[in-house]
$ cat work-v1.cif   # mmCIF, C-alpha atoms and all ligand atoms
data_work
#
loop_
_atom_site.group_PDB
_atom_site.id
_atom_site.type_symbol
_atom_site.label_atom_id
_atom_site.label_comp_id
_atom_site.auth_asym_id
_atom_site.auth_seq_id
_atom_site.Cartn_x
_atom_site.Cartn_y
_atom_site.Cartn_z
ATOM 1 C CA MET A 16 0.000 0.000 0.000
ATOM 2 C CA SER A 17 1.395 3.400 -0.966
ATOM 3 C CA TRP A 18 1.628 6.191 1.593
ATOM 4 C CA ARG A 19 -1.215 7.998 -0.174
ATOM 5 C CA GLN A 20 -3.410 4.920 0.206
ATOM 6 C CA ARG A 21 -2.408 4.635 3.863
ATOM 7 C CA ILE A 22 -3.319 8.209 4.737
ATOM 8 C CA ALA A 23 -6.542 7.876 2.719
ATOM 9 C CA GLU A 24 -7.426 4.821 4.786
ATOM 10 C CA GLU A 25 -6.614 6.675 8.009
ATOM 11 C CA ALA A 26 -8.806 9.615 6.944
ATOM 12 C CA ARG A 27 -11.668 7.219 6.204
ATOM 13 C CA GLN A 28 -11.329 5.465 9.562
ATOM 14 C CA SER A 29 -11.096 8.764 11.488
ATOM 15 C CA TYR A 30 -14.226 10.158 9.830
ATOM 16 C CA PRO A 31 -16.154 12.212 10.995
ATOM 17 C CA HIS A 32 -13.106 13.405 12.936
ATOM 18 C CA GLU A 33 -9.999 14.900 11.411
ATOM 19 C CA CYS A 34 -6.825 12.900 11.232
ATOM 20 C CA CYS A 35 -3.384 14.405 11.023
ATOM 21 C CA GLY A 36 0.143 13.133 10.735
ATOM 22 C CA ILE A 37 3.706 13.601 9.664
ATOM 23 C CA LEU A 38 5.237 12.554 6.346
ATOM 24 C CA LEU A 39 8.781 11.289 6.755
ATOM 25 C CA GLY A 40 11.225 10.735 3.938
ATOM 26 C CA LYS A 41 13.546 12.829 1.851
ATOM 27 C CA ASN A 42 13.365 16.224 0.222
ATOM 28 C CA ALA A 43 15.125 16.505 -3.119
ATOM 29 C CA PRO A 44 16.801 19.803 -4.094
ATOM 30 C CA ASP A 45 14.523 20.154 -7.123
ATOM 31 C CA GLY A 46 11.508 20.511 -4.856
ATOM 32 C CA LYS A 47 10.400 16.918 -5.313
ATOM 33 C CA PHE A 48 9.915 14.736 -2.288
ATOM 34 C CA GLU A 49 9.797 11.110 -1.372
ATOM 35 C CA VAL A 50 7.713 9.779 1.490
ATOM 36 C CA THR A 51 8.857 6.540 3.053
ATOM 37 C CA GLU A 52 7.085 6.602 6.412
ATOM 38 C CA ILE A 53 4.097 8.216 8.025
ATOM 39 C CA ARG A 54 3.349 8.929 11.679
ATOM 40 C CA ALA A 55 -0.179 9.642 12.836
ATOM 41 C CA LEU A 56 -0.341 12.576 15.240
ATOM 42 C CA PRO A 57 -2.795 12.558 18.121
ATOM 43 C CA ASN A 58 -5.290 15.422 17.939
ATOM 44 C CA ARG A 59 -5.037 17.523 21.098
ATOM 45 C CA ILE A 60 -8.577 18.721 20.648
ATOM 46 C CA GLN A 61 -11.136 16.409 22.210
ATOM 47 C CA GLY A 62 -14.896 16.438 21.883
ATOM 48 C CA GLU A 63 -16.575 19.435 20.235
ATOM 49 C CA GLY A 64 -14.573 20.972 17.434
ATOM 50 C CA ARG A 65 -12.646 17.781 16.793
ATOM 51 C CA GLY A 66 -14.230 17.434 13.375
ATOM 52 C CA THR A 67 -13.096 20.802 12.156
ATOM 53 C CA HIS A 68 -9.990 21.632 14.111
ATOM 54 C CA PHE A 69 -6.699 20.033 14.578
ATOM 55 C CA GLU A 70 -3.989 20.920 16.984
ATOM 56 C CA ALA A 71 -0.909 18.758 16.803
ATOM 57 C CA ASP A 72 0.644 17.621 20.028
ATOM 58 C CA SER A 73 3.999 19.421 20.067
ATOM 59 C CA LEU A 74 5.533 16.899 22.456
ATOM 60 C CA PHE A 75 4.742 14.099 20.008
ATOM 61 C CA LEU A 76 6.281 16.149 17.193
ATOM 62 C CA TYR A 77 9.388 16.643 19.301
ATOM 63 C CA GLN A 78 9.610 12.900 19.985
ATOM 64 C CA VAL A 79 9.404 12.123 16.260
ATOM 65 C CA GLU A 80 12.151 14.670 15.557
ATOM 66 C CA ARG A 81 14.328 12.998 18.197
ATOM 67 C CA GLU A 82 13.537 9.558 16.769
ATOM 68 C CA ILE A 83 14.614 10.403 13.211
ATOM 69 C CA GLU A 84 17.720 12.313 14.272
ATOM 70 C CA GLY A 85 20.669 10.753 12.459
ATOM 71 C CA SER A 86 18.461 8.240 10.616
ATOM 72 C CA GLY A 87 18.688 10.034 7.270
ATOM 73 C CA LEU A 88 14.952 10.631 7.393
ATOM 74 C CA GLU A 89 13.535 14.112 7.556
ATOM 75 C CA ILE A 90 10.125 15.644 8.016
ATOM 76 C CA VAL A 91 8.877 16.136 4.478
ATOM 77 C CA GLY A 92 5.522 17.546 5.455
ATOM 78 C CA PHE A 93 2.188 16.993 7.109
ATOM 79 C CA TYR A 94 -1.159 15.537 6.148
ATOM 80 C CA HIS A 95 -4.613 16.048 7.546
ATOM 81 C CA SER A 96 -8.167 15.302 6.551
ATOM 82 C CA HIS A 97 -11.099 17.592 5.865
ATOM 83 C CA PRO A 98 -14.245 15.688 6.828
ATOM 84 C CA ASP A 99 -17.101 16.812 4.550
ATOM 85 C CA TYR A 100 -14.965 19.595 3.116
ATOM 86 C CA GLU A 101 -12.877 20.139 -0.015
ATOM 87 C CA ALA A 102 -9.166 19.307 -0.180
ATOM 88 C CA ILE A 103 -8.169 22.962 -0.232
ATOM 89 C CA PRO A 104 -6.301 24.728 2.592
ATOM 90 C CA SER A 105 -8.435 26.650 5.064
ATOM 91 C CA ARG A 106 -7.228 30.149 5.931
ATOM 92 C CA GLU A 107 -5.739 28.697 9.097
ATOM 93 C CA ASP A 108 -3.999 25.944 7.077
ATOM 94 C CA ALA A 109 -2.512 28.461 4.641
ATOM 95 C CA GLU A 110 -1.273 30.661 7.482
ATOM 96 C CA ASN A 111 0.464 27.740 9.158
ATOM 97 C CA MET A 112 2.264 26.404 6.087
ATOM 98 C CA VAL A 113 6.001 26.321 6.564
ATOM 99 C CA PRO A 114 7.833 27.062 3.281
ATOM 100 C CA GLY A 115 9.459 23.980 1.785
ATOM 101 C CA LEU A 116 7.191 21.488 3.521
ATOM 102 C CA VAL A 117 4.475 19.521 1.753
ATOM 103 C CA TYR A 118 0.901 19.703 3.018
ATOM 104 C CA VAL A 119 -1.395 16.918 1.928
ATOM 105 C CA ILE A 120 -5.118 17.432 2.451
ATOM 106 C CA ILE A 121 -7.564 14.561 2.211
ATOM 107 C CA SER A 122 -11.211 15.322 1.520
ATOM 108 C CA VAL A 123 -13.371 12.620 3.106
ATOM 109 C CA THR A 124 -17.094 12.059 3.504
ATOM 110 C CA GLY A 125 -19.179 9.256 4.988
ATOM 111 C CA GLU A 126 -18.936 7.595 1.570
ATOM 112 C CA GLY A 127 -15.151 7.541 1.601
ATOM 113 C CA VAL A 128 -12.212 9.563 0.328
ATOM 114 C CA VAL A 129 -13.171 12.074 -2.359
ATOM 115 C CA ASP A 130 -9.912 13.855 -3.151
ATOM 116 C CA ILE A 131 -6.279 14.093 -2.064
ATOM 117 C CA ARG A 132 -4.212 17.159 -2.904
ATOM 118 C CA SER A 133 -0.698 18.276 -2.049
ATOM 119 C CA TYR A 134 0.427 21.836 -1.508
ATOM 120 C CA LYS A 135 3.817 23.414 -1.048
ATOM 121 C CA ASN A 136 4.134 27.069 -0.052
ATOM 122 C CA ASP A 137 0.389 27.345 -0.612
ATOM 123 C CA ILE A 138 0.751 26.206 -4.230
ATOM 124 C CA LYS A 139 -0.852 23.011 -5.469
ATOM 125 C CA CYS A 140 1.784 20.453 -6.433
HETATM 126 ZN ZN ZN B 1 -7.255 21.915 7.035
#

$ encode --input "work-v1.cif" --output "structure tokens" --more "lines below"
Ligand SMILES: [Zn+2]
Amino acid sequence: MSWRQRIAEEARQSYPHECCGILLGKNAPDGKFEVTEIRALPNRIQGEGRGTHFEADSLFLYQVEREIEGSGLEIVGFYHSHPDYEAIPSREDAENMVPGLVYVIISVTGEGVVDIRSYKNDIKC
């Protein structure tokens, strides 16, 4: 199963809640990227608002950074799902995009995954 299929499956299973995670792999100088591993991030938001908001646990992020230190892997980007919403960045998403990182958004409904799109520096790629 490719990493895109894996995150699609995670988005479907998390529905109607958002899922979010880290893409690990390698960034190529030409702007291309390769994803070899994914890490699901726990959503810090519980209960109400969980479907529409995601706040990554910074301690978990720190632990992943420690884990990959010296492994040759790097954080390529992040993915998250938009339950019942298009795979386009929300204003909040766009504001939080770190240049050079890839942001994959998965549009998911009760029927399944509708669309998966990748963005870099707010540009579709
Ligand atoms: Zn979003």

$ residues_near_ligand --input "work-v1.cif" --ligand "ligand ZN 1 (chain B)" --cutoff "9 Å" --atoms "only C-alpha atoms and all ligand atoms" --output "list of chain:residue names"
A:Glu33, A:Thr67, A:His68, A:Phe69, A:Tyr94, A:His95, A:Ser96, A:His97, A:Tyr100, A:Ala102, A:Ile103, A:Pro104, A:Ser105, A:Arg106, A:Glu107, A:Asp108, A:Ala109, A:Ile120, A:Ile121

$ resolve_selection --input "work-v1.cif" --expression "the PyMOL selection byres (((chain A and resi 27) around 12) and not hetatm)" --output "ChimeraX atom specification"
/A:20-26,28-35,95-99,121-130

$ write_last_selection --input "work-v1.cif" --atoms "C-alpha atoms" --output "mmCIF file, in the coordinates of the input"
data_model
loop_
_atom_site.group_PDB
_atom_site.id
_atom_site.type_symbol
_atom_site.label_atom_id
_atom_site.label_comp_id
_atom_site.auth_asym_id
_atom_site.auth_seq_id
_atom_site.Cartn_x
_atom_site.Cartn_y
_atom_site.Cartn_z
ATOM 1 C CA GLN A 20 -3.410 4.920 0.206
ATOM 2 C CA ARG A 21 -2.408 4.635 3.863
ATOM 3 C CA ILE A 22 -3.319 8.209 4.737
ATOM 4 C CA ALA A 23 -6.542 7.876 2.719
ATOM 5 C CA GLU A 24 -7.426 4.821 4.786
ATOM 6 C CA GLU A 25 -6.614 6.675 8.009
ATOM 7 C CA ALA A 26 -8.806 9.615 6.944
ATOM 8 C CA GLN A 28 -11.329 5.465 9.562
ATOM 9 C CA SER A 29 -11.096 8.764 11.488
ATOM 10 C CA TYR A 30 -14.226 10.158 9.830
ATOM 11 C CA PRO A 31 -16.154 12.212 10.995
ATOM 12 C CA HIS A 32 -13.106 13.405 12.936
ATOM 13 C CA GLU A 33 -9.999 14.900 11.411
ATOM 14 C CA CYS A 34 -6.825 12.900 11.232
ATOM 15 C CA CYS A 35 -3.384 14.405 11.023
ATOM 16 C CA HIS A 95 -4.613 16.048 7.546
ATOM 17 C CA SER A 96 -8.167 15.302 6.551
ATOM 18 C CA HIS A 97 -11.099 17.592 5.865
ATOM 19 C CA PRO A 98 -14.245 15.688 6.828
ATOM 20 C CA ASP A 99 -17.101 16.812 4.550
ATOM 21 C CA ILE A 121 -7.564 14.561 2.211
ATOM 22 C CA SER A 122 -11.211 15.322 1.520
ATOM 23 C CA VAL A 123 -13.371 12.620 3.106
ATOM 24 C CA THR A 124 -17.094 12.059 3.504
ATOM 25 C CA GLY A 125 -19.179 9.256 4.988
ATOM 26 C CA GLU A 126 -18.936 7.595 1.570
ATOM 27 C CA GLY A 127 -15.151 7.541 1.601
ATOM 28 C CA VAL A 128 -12.212 9.563 0.328
ATOM 29 C CA VAL A 129 -13.171 12.074 -2.359
ATOM 30 C CA ASP A 130 -9.912 13.855 -3.151
#

$ atom_distance --input "work-v1.cif" --atom1 "CA of Glu49 in chain A" --atom2 "CA of Ile131 in chain A"
16.4 Å

$ closest_residue --input "work-v1.cif" --among "A:Asn111, A:Ser17, A:Ser86, A:Ser133" --to "Lys41 in chain A" --atoms "all atoms listed in the file"
A:Ser86

$ atom_distance --input "work-v1.cif" --atom1 "CA of Leu76 in chain A" --atom2 "CA of Asn42 in chain A"
18.4 Å

$ resolve_selection --input "work-v1.cif" --expression "the PyMOL selection byres (((chain A and resi 116) around 10) and not hetatm)" --output "NGL selection string"
:A and (38 or 42 or 46 or 48 or 90-93 or 112-115 or 117-119 or 134-137)

$ atom_distance --input "work-v1.cif" --atom1 "CA of Thr51 in chain A" --atom2 "CA of Phe75 in chain A"
19.0 Å
